[in-house]
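Engineer: So I've got this file, data22.cif, and it contains mmCIF, N, CA and C atoms:
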```cif
data_data
#
loop_
_atom_site.label_atom_id
_atom_site.label_comp_id
_atom_site.auth_asym_id
_atom_site.auth_seq_id
_atom_site.Cartn_x
_atom_site.Cartn_y
_atom_site.Cartn_z
N PRO A 1 1.32 -13.14 22.88
CA PRO A 1 1.08 -13.90 21.66
C PRO A 1 1.23 -13.01 20.42
N ALA A 2 1.35 -13.66 19.26
CA ALA A 2 1.43 -12.90 18.01
C ALA A 2 0.19 -12.03 17.85
N GLY A 3 0.39 -10.86 17.30
CA GLY A 3 -0.73 -9.95 17.09
C GLY A 3 -0.25 -8.53 16.89
N GLN A 4 -1.18 -7.62 16.86
CA GLN A 4 -0.90 -6.20 16.68
C GLN A 4 -1.36 -5.49 17.94
N TYR A 5 -0.46 -4.74 18.55
CA TYR A 5 -0.73 -4.12 19.83
C TYR A 5 -0.48 -2.62 19.76
N MET A 6 -1.33 -1.86 20.46
CA MET A 6 -1.15 -0.42 20.58
C MET A 6 -0.68 -0.13 22.00
N PHE A 7 0.20 0.86 22.11
CA PHE A 7 0.63 1.26 23.45
C PHE A 7 0.66 2.77 23.53
N PRO A 8 0.32 3.31 24.68
CA PRO A 8 -0.19 2.60 25.85
C PRO A 8 -1.59 2.04 25.55
N PHE A 9 -1.96 1.04 26.30
CA PHE A 9 -3.23 0.35 26.09
C PHE A 9 -4.22 0.73 27.17
N ALA A 10 -5.46 0.94 26.76
CA ALA A 10 -6.55 1.21 27.71
C ALA A 10 -7.67 0.21 27.45
N GLU A 11 -8.21 -0.35 28.50
CA GLU A 11 -9.30 -1.32 28.37
C GLU A 11 -10.56 -0.70 27.77
N GLY A 12 -10.81 0.53 28.07
CA GLY A 12 -12.02 1.17 27.57
C GLY A 12 -11.96 2.67 27.77
N GLY A 13 -13.08 3.33 27.56
CA GLY A 13 -13.15 4.78 27.66
C GLY A 13 -12.80 5.32 29.04
N LYS A 14 -13.20 4.60 30.07
CA LYS A 14 -12.89 5.07 31.43
C LYS A 14 -11.38 5.05 31.68
N ASP A 15 -10.72 3.96 31.28
CA ASP A 15 -9.27 3.87 31.47
C ASP A 15 -8.55 4.95 30.66
N ALA A 16 -9.02 5.22 29.46
CA ALA A 16 -8.37 6.21 28.60
C ALA A 16 -8.53 7.62 29.15
N ALA A 17 -9.50 7.83 30.00
CA ALA A 17 -9.74 9.17 30.55
C ALA A 17 -8.91 9.44 31.81
N THR A 18 -8.23 8.43 32.34
CA THR A 18 -7.49 8.63 33.59
C THR A 18 -6.25 9.48 33.35
N GLU A 19 -5.81 10.14 34.38
CA GLU A 19 -4.62 10.99 34.30
C GLU A 19 -3.38 10.13 34.04
N GLU A 20 -3.33 8.95 34.64
CA GLU A 20 -2.19 8.05 34.45
C GLU A 20 -2.04 7.68 32.97
N PHE A 21 -3.15 7.35 32.32
CA PHE A 21 -3.10 6.99 30.90
C PHE A 21 -2.66 8.18 30.07
N LYS A 22 -3.18 9.35 30.37
CA LYS A 22 -2.81 10.56 29.62
C LYS A 22 -1.32 10.87 29.76
N GLN A 23 -0.76 10.62 30.93
CA GLN A 23 0.68 10.83 31.14
C GLN A 23 1.50 9.83 30.30
N LYS A 24 1.06 8.58 30.30
CA LYS A 24 1.74 7.57 29.48
C LYS A 24 1.67 7.95 28.00
N GLN A 25 0.50 8.39 27.59
CA GLN A 25 0.30 8.74 26.19
C GLN A 25 1.14 9.96 25.78
N ALA A 26 1.38 10.85 26.71
CA ALA A 26 2.19 12.03 26.42
C ALA A 26 3.65 11.66 26.21
N ARG A 27 4.11 10.58 26.84
CA ARG A 27 5.52 10.16 26.73
C ARG A 27 5.79 9.43 25.41
N CYS A 28 4.99 8.43 25.13
CA CYS A 28 5.17 7.70 23.88
C CYS A 28 3.88 6.97 23.54
N ARG A 29 3.74 6.71 22.29
CA ARG A 29 2.59 5.94 21.82
C ARG A 29 3.00 5.30 20.50
N GLY A 30 2.41 4.17 20.24
CA GLY A 30 2.78 3.49 19.01
C GLY A 30 2.05 2.19 18.83
N MET A 31 2.58 1.41 17.89
CA MET A 31 1.99 0.13 17.56
C MET A 31 3.11 -0.88 17.42
N LEU A 32 2.88 -2.07 17.90
CA LEU A 32 3.86 -3.14 17.84
C LEU A 32 3.20 -4.34 17.17
N VAL A 33 3.89 -4.92 16.20
CA VAL A 33 3.39 -6.11 15.52
C VAL A 33 4.34 -7.25 15.83
N ILE A 34 3.78 -8.34 16.34
CA ILE A 34 4.56 -9.54 16.65
C ILE A 34 4.07 -10.66 15.74
N TRP A 35 5.00 -11.20 14.95
CA TRP A 35 4.64 -12.25 14.02
C TRP A 35 4.69 -13.61 14.70
N ALA A 36 3.82 -14.50 14.30
CA ALA A 36 3.77 -15.85 14.88
C ALA A 36 4.93 -16.71 14.38
N GLU A 37 5.45 -16.38 13.22
CA GLU A 37 6.53 -17.18 12.64
C GLU A 37 7.47 -16.26 11.88
N PRO A 38 8.69 -16.68 11.64
CA PRO A 38 9.61 -15.85 10.86
C PRO A 38 9.08 -15.64 9.45
N LEU A 39 9.44 -14.51 8.85
CA LEU A 39 9.04 -14.26 7.48
C LEU A 39 9.77 -15.21 6.55
N SER A 40 9.07 -15.65 5.52
CA SER A 40 9.65 -16.52 4.50
C SER A 40 9.92 -15.67 3.27
N MET A 41 11.18 -15.48 2.92
CA MET A 41 11.54 -14.65 1.77
C MET A 41 10.91 -15.19 0.49
N GLY A 42 11.00 -16.49 0.27
CA GLY A 42 10.44 -17.08 -0.94
C GLY A 42 8.94 -16.87 -1.05
N LYS A 43 8.23 -17.14 0.03
CA LYS A 43 6.78 -16.97 0.03
C LYS A 43 6.41 -15.50 -0.18
N SER A 44 7.13 -14.60 0.48
CA SER A 44 6.84 -13.17 0.34
C SER A 44 7.09 -12.68 -1.08
N ILE A 45 8.17 -13.14 -1.70
CA ILE A 45 8.45 -12.75 -3.09
C ILE A 45 7.37 -13.28 -4.01
N LEU A 46 6.97 -14.54 -3.82
CA LEU A 46 5.92 -15.13 -4.65
C LEU A 46 4.61 -14.35 -4.51
N GLN A 47 4.22 -14.03 -3.29
CA GLN A 47 2.99 -13.27 -3.06
C GLN A 47 3.08 -11.89 -3.70
N THR A 48 4.25 -11.25 -3.60
CA THR A 48 4.43 -9.94 -4.21
C THR A 48 4.29 -10.02 -5.72
N LEU A 49 4.94 -11.01 -6.33
CA LEU A 49 4.83 -11.17 -7.79
C LEU A 49 3.40 -11.46 -8.22
N LEU A 50 2.71 -12.31 -7.49
CA LEU A 50 1.30 -12.59 -7.81
C LEU A 50 0.45 -11.33 -7.70
N TRP A 51 0.73 -10.51 -6.68
CA TRP A 51 -0.01 -9.25 -6.54
C TRP A 51 0.27 -8.34 -7.73
N PHE A 52 1.54 -8.23 -8.15
CA PHE A 52 1.87 -7.39 -9.31
C PHE A 52 1.19 -7.89 -10.58
N PHE A 53 1.14 -9.20 -10.77
CA PHE A 53 0.45 -9.74 -11.95
C PHE A 53 -1.05 -9.45 -11.88
N ALA A 54 -1.64 -9.62 -10.72
CA ALA A 54 -3.07 -9.31 -10.57
C ALA A 54 -3.33 -7.82 -10.82
N ALA A 55 -2.45 -6.96 -10.31
CA ALA A 55 -2.59 -5.52 -10.53
C ALA A 55 -2.46 -5.19 -12.02
N ALA A 56 -1.45 -5.77 -12.69
CA ALA A 56 -1.26 -5.52 -14.12
C ALA A 56 -2.45 -6.03 -14.93
N PHE A 57 -2.97 -7.19 -14.56
CA PHE A 57 -4.15 -7.72 -15.26
C PHE A 57 -5.33 -6.77 -15.10
N THR A 58 -5.54 -6.27 -13.89
CA THR A 58 -6.66 -5.36 -13.63
C THR A 58 -6.47 -4.04 -14.38
N ILE A 59 -5.25 -3.51 -14.38
CA ILE A 59 -4.97 -2.28 -15.13
C ILE A 59 -5.19 -2.53 -16.62
N GLY A 60 -4.75 -3.67 -17.13
CA GLY A 60 -4.98 -4.02 -18.53
C GLY A 60 -6.46 -4.12 -18.86
N TYR A 61 -7.21 -4.73 -17.98
CA TYR A 61 -8.66 -4.83 -18.18
C TYR A 61 -9.28 -3.44 -18.23
N LEU A 62 -8.90 -2.59 -17.29
CA LEU A 62 -9.40 -1.22 -17.26
C LEU A 62 -9.03 -0.49 -18.55
N ALA A 63 -7.79 -0.65 -19.00
CA ALA A 63 -7.35 0.00 -20.24
C ALA A 63 -8.14 -0.51 -21.43
N SER A 64 -8.46 -1.80 -21.45
CA SER A 64 -9.22 -2.35 -22.58
C SER A 64 -10.64 -1.78 -22.62
N LEU A 65 -11.16 -1.38 -21.47
CA LEU A 65 -12.48 -0.76 -21.44
C LEU A 65 -12.44 0.71 -21.87
N GLY A 66 -11.31 1.37 -21.56
CA GLY A 66 -11.24 2.81 -21.80
C GLY A 66 -10.52 3.22 -23.06
N LEU A 67 -9.76 2.31 -23.67
CA LEU A 67 -8.96 2.66 -24.84
C LEU A 67 -9.24 1.67 -25.97
N ALA A 68 -9.34 2.20 -27.16
CA ALA A 68 -9.55 1.34 -28.33
C ALA A 68 -8.20 0.91 -28.90
N PRO A 69 -8.16 -0.24 -29.57
CA PRO A 69 -6.94 -0.61 -30.27
C PRO A 69 -6.57 0.49 -31.28
N GLY A 70 -5.30 0.78 -31.37
CA GLY A 70 -4.85 1.77 -32.33
C GLY A 70 -4.79 3.20 -31.82
N VAL A 71 -5.19 3.44 -30.58
CA VAL A 71 -5.05 4.80 -30.06
C VAL A 71 -3.57 5.14 -29.94
N GLY A 72 -3.28 6.42 -29.84
CA GLY A 72 -1.89 6.85 -29.79
C GLY A 72 -1.17 6.41 -28.53
N ASN A 73 0.14 6.30 -28.65
CA ASN A 73 0.96 5.88 -27.51
C ASN A 73 0.80 6.82 -26.32
N GLY A 74 0.64 8.11 -26.58
CA GLY A 74 0.47 9.08 -25.50
C GLY A 74 -0.76 8.79 -24.65
N GLN A 75 -1.85 8.41 -25.32
CA GLN A 75 -3.08 8.09 -24.59
C GLN A 75 -2.92 6.84 -23.74
N VAL A 76 -2.27 5.83 -24.30
CA VAL A 76 -2.04 4.59 -23.54
C VAL A 76 -1.15 4.88 -22.34
N LEU A 77 -0.06 5.61 -22.57
CA LEU A 77 0.86 5.95 -21.48
C LEU A 77 0.15 6.74 -20.39
N GLN A 78 -0.66 7.72 -20.78
CA GLN A 78 -1.39 8.54 -19.81
C GLN A 78 -2.41 7.72 -19.02
N PHE A 79 -3.19 6.92 -19.71
CA PHE A 79 -4.25 6.13 -19.06
C PHE A 79 -3.66 5.09 -18.13
N VAL A 80 -2.74 4.29 -18.65
CA VAL A 80 -2.16 3.20 -17.85
C VAL A 80 -1.27 3.77 -16.75
N GLY A 81 -0.56 4.85 -17.03
CA GLY A 81 0.27 5.49 -16.00
C GLY A 81 -0.56 6.00 -14.84
N THR A 82 -1.71 6.60 -15.14
CA THR A 82 -2.60 7.09 -14.08
C THR A 82 -3.16 5.93 -13.27
N ALA A 83 -3.59 4.88 -13.95
CA ALA A 83 -4.10 3.70 -13.23
C ALA A 83 -2.99 3.08 -12.39
N GLY A 84 -1.78 3.07 -12.91
CA GLY A 84 -0.64 2.53 -12.17
C GLY A 84 -0.32 3.36 -10.94
N LEU A 85 -0.39 4.69 -11.06
CA LEU A 85 -0.16 5.55 -9.89
C LEU A 85 -1.21 5.31 -8.81
N LEU A 86 -2.47 5.17 -9.24
CA LEU A 86 -3.51 4.88 -8.25
C LEU A 86 -3.28 3.54 -7.57
N THR A 87 -2.84 2.57 -8.35
CA THR A 87 -2.60 1.23 -7.81
C THR A 87 -1.39 1.18 -6.90
N HIS A 88 -0.28 1.74 -7.35
CA HIS A 88 1.00 1.54 -6.66
C HIS A 88 1.38 2.66 -5.69
N VAL A 89 0.71 3.80 -5.76
CA VAL A 89 1.07 4.92 -4.87
C VAL A 89 -0.10 5.32 -3.98
N ALA A 90 -1.19 5.73 -4.59
CA ALA A 90 -2.29 6.32 -3.82
C ALA A 90 -2.90 5.35 -2.81
N ALA A 91 -2.87 4.08 -3.10
CA ALA A 91 -3.48 3.10 -2.19
C ALA A 91 -2.78 3.02 -0.85
N HIS A 92 -1.54 3.51 -0.75
CA HIS A 92 -0.79 3.46 0.51
C HIS A 92 -1.22 4.54 1.51
N TYR A 93 -1.81 5.61 1.03
CA TYR A 93 -2.00 6.77 1.90
C TYR A 93 -2.92 6.56 3.10
N PRO A 94 -3.99 5.78 3.04
CA PRO A 94 -4.75 5.57 4.28
C PRO A 94 -3.90 5.01 5.42
N ARG A 95 -2.93 4.15 5.11
CA ARG A 95 -2.03 3.64 6.15
C ARG A 95 -1.17 4.76 6.73
N VAL A 96 -0.77 5.70 5.89
CA VAL A 96 0.03 6.83 6.38
C VAL A 96 -0.79 7.66 7.36
N PHE A 97 -2.03 7.88 7.04
CA PHE A 97 -2.88 8.69 7.92
C PHE A 97 -3.07 8.01 9.28
N TRP A 98 -3.20 6.70 9.28
CA TRP A 98 -3.45 5.97 10.51
C TRP A 98 -2.18 5.61 11.26
N PHE A 99 -1.13 5.24 10.54
CA PHE A 99 0.05 4.69 11.20
C PHE A 99 1.29 5.56 11.09
N ARG A 100 1.14 6.75 10.49
CA ARG A 100 2.19 7.76 10.42
C ARG A 100 3.52 7.18 9.94
N ARG A 101 3.46 6.53 8.82
CA ARG A 101 4.66 5.93 8.24
C ARG A 101 5.34 6.94 7.32
N LYS A 102 6.63 6.81 7.18
CA LYS A 102 7.35 7.61 6.19
C LYS A 102 7.16 6.94 4.83
N MET A 103 6.88 7.74 3.83
CA MET A 103 6.45 7.18 2.56
C MET A 103 7.37 7.49 1.38
N ALA A 104 8.43 8.26 1.57
CA ALA A 104 9.22 8.72 0.42
C ALA A 104 9.65 7.57 -0.49
N MET A 105 10.21 6.52 0.07
CA MET A 105 10.69 5.41 -0.77
C MET A 105 9.54 4.62 -1.37
N GLU A 106 8.44 4.48 -0.64
CA GLU A 106 7.30 3.76 -1.19
C GLU A 106 6.68 4.54 -2.34
N VAL A 107 6.65 5.87 -2.24
CA VAL A 107 6.14 6.69 -3.34
C VAL A 107 7.06 6.55 -4.54
N LEU A 108 8.37 6.63 -4.32
CA LEU A 108 9.32 6.47 -5.43
C LEU A 108 9.16 5.10 -6.08
N ASP A 109 9.09 4.05 -5.27
CA ASP A 109 8.88 2.70 -5.82
C ASP A 109 7.59 2.64 -6.63
N GLY A 110 6.51 3.21 -6.08
CA GLY A 110 5.22 3.19 -6.77
C GLY A 110 5.25 3.94 -8.09
N VAL A 111 5.92 5.08 -8.12
CA VAL A 111 6.03 5.84 -9.36
C VAL A 111 6.81 5.03 -10.40
N LEU A 112 7.89 4.39 -9.97
CA LEU A 112 8.67 3.56 -10.90
C LEU A 112 7.85 2.36 -11.38
N GLN A 113 7.10 1.73 -10.49
CA GLN A 113 6.26 0.60 -10.89
C GLN A 113 5.19 1.04 -11.87
N ALA A 114 4.59 2.21 -11.63
CA ALA A 114 3.57 2.74 -12.55
C ALA A 114 4.20 3.06 -13.90
N ALA A 115 5.40 3.63 -13.90
CA ALA A 115 6.08 3.98 -15.15
C ALA A 115 6.42 2.73 -15.96
N VAL A 116 6.91 1.70 -15.30
CA VAL A 116 7.24 0.45 -16.00
C VAL A 116 5.97 -0.18 -16.56
N THR A 117 4.91 -0.21 -15.76
CA THR A 117 3.63 -0.76 -16.23
C THR A 117 3.15 0.00 -17.46
N ALA A 118 3.18 1.33 -17.38
CA ALA A 118 2.72 2.15 -18.51
C ALA A 118 3.59 1.93 -19.74
N ALA A 119 4.90 1.82 -19.56
CA ALA A 119 5.79 1.61 -20.70
C ALA A 119 5.53 0.27 -21.37
N ILE A 120 5.34 -0.76 -20.57
CA ILE A 120 5.08 -2.10 -21.14
C ILE A 120 3.76 -2.12 -21.90
N PHE A 121 2.71 -1.56 -21.31
CA PHE A 121 1.41 -1.54 -21.99
C PHE A 121 1.47 -0.69 -23.25
N THR A 122 2.21 0.42 -23.20
CA THR A 122 2.34 1.28 -24.38
C THR A 122 3.04 0.53 -25.50
N ALA A 123 4.11 -0.18 -25.17
CA ALA A 123 4.86 -0.93 -26.18
C ALA A 123 4.05 -2.08 -26.77
N LEU A 124 3.19 -2.69 -25.96
CA LEU A 124 2.45 -3.87 -26.42
C LEU A 124 1.02 -3.58 -26.87
N TRP A 125 0.59 -2.32 -26.81
CA TRP A 125 -0.81 -2.00 -27.15
C TRP A 125 -1.07 -2.31 -28.62
N PRO A 126 -2.18 -2.98 -28.94
CA PRO A 126 -2.44 -3.35 -30.33
C PRO A 126 -2.62 -2.13 -31.23
N SER A 127 -2.07 -2.22 -32.44
CA SER A 127 -2.15 -1.08 -33.34
C SER A 127 -3.50 -1.00 -34.06
N GLN A 128 -4.16 -2.08 -34.24
CA GLN A 128 -5.52 -2.08 -34.83
C GLN A 128 -6.18 -3.37 -34.63
#
```
Any chance you could put this one into structure tokens?

Structural biologist:
Amino acid sequence: PAGQYMFPFAEGGKDAATEEFKQKQARCRGMLVIWAEPLSMGKSILQTLLWFFAAAFTIGYLASLGLAPGVGNGQVLQFVGTAGLLTHVAAHYPRVFWFRRKMAMEVLDGVLQAAVTAAIFTALWPSQ
């Protein structure tokens, strides 16, 4: 059935301690995800856009708490850029530690997303 599976699989601590399991684990180990239904491109794009809007709203709220209207562009860029990096890059790392994913492109995407967010907020920040 659909779900997330680890292999090799052990029912419990006793099974994991067997020599047979250790041999299987030495050969390969991993995780398999089986979806219940095909991915919907439209739904996925909509959810992604909604997530980006929610992230931008939250970053904007944080910036409104930490920055006064009329502060210099450098401060807005620094503050919003840092919040954007935390949002779009740093949040991925726990998955890397657990699931050993390659992250180069996700980091690049996150840095670009943070830069665009910071640039937009800097351009639109109220002058007074």

Engineer: If we count all atoms listed in the file and set the cut-off at 7 Å, which residues sit around segment 84-100 of chain A, ignoring sequence neighbours fewer than 5 positions away in its own chain? Please answer as a list in words.

Structural biologist: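 The residues satisfying every condition are Ile59, Phe79, Glu106, Val107, Asp109, Gly110, Val111, Gln113, Ala114, Ala115, Thr117 and Ala118 of chain A.
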
Engineer: So, counting all atoms listed in the file, which residue among A:Thr18, A:Thr122, A:Thr48, A:Ser127 is closest to Gln75 of chain A?

Structural biologist: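 Under the stated criterion, the closest residue is A:Thr122.
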
Engineer: Between atom C of Pro38 of chain A and atom N of Thr58 of chain A, what is the spacing in Å?

Structural biologist: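 Answer for the atom N of Thr58 of chain A to atom C of Pro38 of chain A separation: 29.1 Å.
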
Engineer: Which of these residues is nearest to Pro1 of chain A, using all atoms listed in the file: A:Gly81, A:Pro69, A:Gly42, A:Ile34?

Structural biologist: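 Smallest distance to Pro1 of chain A is found for A:Ile34.
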
Engineer: Set up a box along x, y and z of the file covering all listed atoms of segment 29-36 of chain A, add 8 Å on every one of the six sides, and write the centre and edge lengths in Å to one decimal, as JSON.

Structural biologist:
```
{"center_x": 3.5, "center_y": -5.0, "center_z": 18.2, "size_x": 19.0, "size_y": 39.4, "size_z": 24.3}
```

Engineer: Please, what distance in Å, to one decimal, runs between atom C of Ala123 of chain A and atom C of Met105 of chain A?

Structural biologist: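 Separation of atom C of Ala123 of chain A and atom C of Met105 of chain A: 26.8 Å.
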
Engineer: Which residues are near Cys28 of chain A? Cut-off 8 Å, only N, CA and C atoms, ignore same chain within fewer than 4 positions. Put them as JSON, numbers by chain.

Structural biologist: {"A": [7, 8, 23, 24]}

Engineer: Out of A:Ala17, A:Leu49, A:Ala26, A:Leu77, which residue has the shortest atom-to-atom distance to Val116 of chain A when counting only C-alpha atoms?

Structural biologist: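 Looking only at the distances to Val116 of chain A, the closest residue turns out to be A:Leu77.
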
Engineer: Enumerate the residues of chain A with a DSSP assignment of alpha helix (DSSP H), computed from the backbone, and present them as JSON, numbers by chain.

Structural biologist: {"A": [13, 14, 15, 16, 19, 20, 21, 22, 23, 24, 25, 26, 27, 41, 42, 43, 44, 45, 46, 47, 48, 49, 50, 51, 52, 53, 54, 55, 56, 57, 58, 59, 60, 61, 62, 63, 64, 65, 66, 73, 74, 75, 76, 77, 78, 79, 80, 81, 82, 83, 84, 85, 86, 87, 88, 93, 94, 95, 96, 97, 98, 99, 104, 105, 106, 107, 108, 109, 110, 111, 112, 113, 114, 115, 116, 117, 118, 119, 120, 121, 122, 123, 124]}

Engineer: Would you compute the distance between atom CA of Ala104 of chain A and atom CA of Ala54 of chain A? Give it in Å to one decimal.

Structural biologist: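 Between atom CA of Ala104 of chain A and atom CA of Ala54 of chain A the gap is 24.4 Å.
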
Engineer: Run the PyMOL selection byres ((chain A and resi 3) around 6.5) on the file and write out the hits as a ChimeraX atom specification.

Structural biologist: /A:1-2,4-5,32-36

Engineer: Run DSSP on the backbone and grab whatever in chain A lands in strand (DSSP E or B); send it over as an mmCIF file with N, CA and C atoms, in the coordinates of the input.

Structural biologist:
```cif
data_model
loop_
_atom_site.group_PDB
_atom_site.id
_atom_site.type_symbol
_atom_site.label_atom_id
_atom_site.label_comp_id
_atom_site.auth_asym_id
_atom_site.auth_seq_id
_atom_site.Cartn_x
_atom_site.Cartn_y
_atom_site.Cartn_z
ATOM 1 N N GLY A 3 0.390 -10.860 17.300
ATOM 2 C CA GLY A 3 -0.730 -9.950 17.090
ATOM 3 C C GLY A 3 -0.250 -8.530 16.890
ATOM 4 N N GLN A 4 -1.180 -7.620 16.860
ATOM 5 C CA GLN A 4 -0.900 -6.200 16.680
ATOM 6 C C GLN A 4 -1.360 -5.490 17.940
ATOM 7 N N TYR A 5 -0.460 -4.740 18.550
ATOM 8 C CA TYR A 5 -0.730 -4.120 19.830
ATOM 9 C C TYR A 5 -0.480 -2.620 19.760
ATOM 10 N N MET A 6 -1.330 -1.860 20.460
ATOM 11 C CA MET A 6 -1.150 -0.420 20.580
ATOM 12 C C MET A 6 -0.680 -0.130 22.000
ATOM 13 N N PHE A 7 0.200 0.860 22.110
ATOM 14 C CA PHE A 7 0.630 1.260 23.450
ATOM 15 C C PHE A 7 0.660 2.770 23.530
ATOM 16 N N GLY A 30 2.410 4.170 20.240
ATOM 17 C CA GLY A 30 2.780 3.490 19.010
ATOM 18 C C GLY A 30 2.050 2.190 18.830
ATOM 19 N N MET A 31 2.580 1.410 17.890
ATOM 20 C CA MET A 31 1.990 0.130 17.560
ATOM 21 C C MET A 31 3.110 -0.880 17.420
ATOM 22 N N LEU A 32 2.880 -2.070 17.900
ATOM 23 C CA LEU A 32 3.860 -3.140 17.840
ATOM 24 C C LEU A 32 3.200 -4.340 17.170
ATOM 25 N N VAL A 33 3.890 -4.920 16.200
ATOM 26 C CA VAL A 33 3.390 -6.110 15.520
ATOM 27 C C VAL A 33 4.340 -7.250 15.830
ATOM 28 N N ILE A 34 3.780 -8.340 16.340
ATOM 29 C CA ILE A 34 4.560 -9.540 16.650
ATOM 30 C C ILE A 34 4.070 -10.660 15.740
#
```

Engineer: Please evaluate the PyMOL selection byres ((chain A and resi 70) around 5) against the displayed coordinates and give the resulting residues as a PDB file with N, CA and C atoms, in the frame of the given file.

Structural biologist:
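To be explicit, this is the file written out as expr-v4.pdb:
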```
ATOM      1  N   ALA A  68      -9.340   2.200 -27.160  1.00  0.00           N
ATOM      2  CA  ALA A  68      -9.550   1.340 -28.330  1.00  0.00           C
ATOM      3  C   ALA A  68      -8.200   0.910 -28.900  1.00  0.00           C
ATOM      4  N   PRO A  69      -8.160  -0.240 -29.570  1.00  0.00           N
ATOM      5  CA  PRO A  69      -6.940  -0.610 -30.270  1.00  0.00           C
ATOM      6  C   PRO A  69      -6.570   0.490 -31.280  1.00  0.00           C
ATOM      7  N   VAL A  71      -5.190   3.440 -30.580  1.00  0.00           N
ATOM      8  CA  VAL A  71      -5.050   4.800 -30.060  1.00  0.00           C
ATOM      9  C   VAL A  71      -3.570   5.140 -29.940  1.00  0.00           C
ATOM     10  N   GLY A  72      -3.280   6.420 -29.840  1.00  0.00           N
ATOM     11  CA  GLY A  72      -1.890   6.850 -29.790  1.00  0.00           C
ATOM     12  C   GLY A  72      -1.170   6.410 -28.530  1.00  0.00           C
ATOM     13  N   PRO A 126      -2.180  -2.980 -28.940  1.00  0.00           N
ATOM     14  CA  PRO A 126      -2.440  -3.350 -30.330  1.00  0.00           C
ATOM     15  C   PRO A 126      -2.620  -2.130 -31.230  1.00  0.00           C
ATOM     16  N   SER A 127      -2.070  -2.220 -32.440  1.00  0.00           N
ATOM     17  CA  SER A 127      -2.150  -1.080 -33.340  1.00  0.00           C
ATOM     18  C   SER A 127      -3.500  -1.000 -34.060  1.00  0.00           C
ATOM     19  N   GLN A 128      -4.160  -2.080 -34.240  1.00  0.00           N
ATOM     20  CA  GLN A 128      -5.520  -2.080 -34.830  1.00  0.00           C
ATOM     21  C   GLN A 128      -6.180  -3.370 -34.630  1.00  0.00           C
TER      22      GLN A 128
END
```
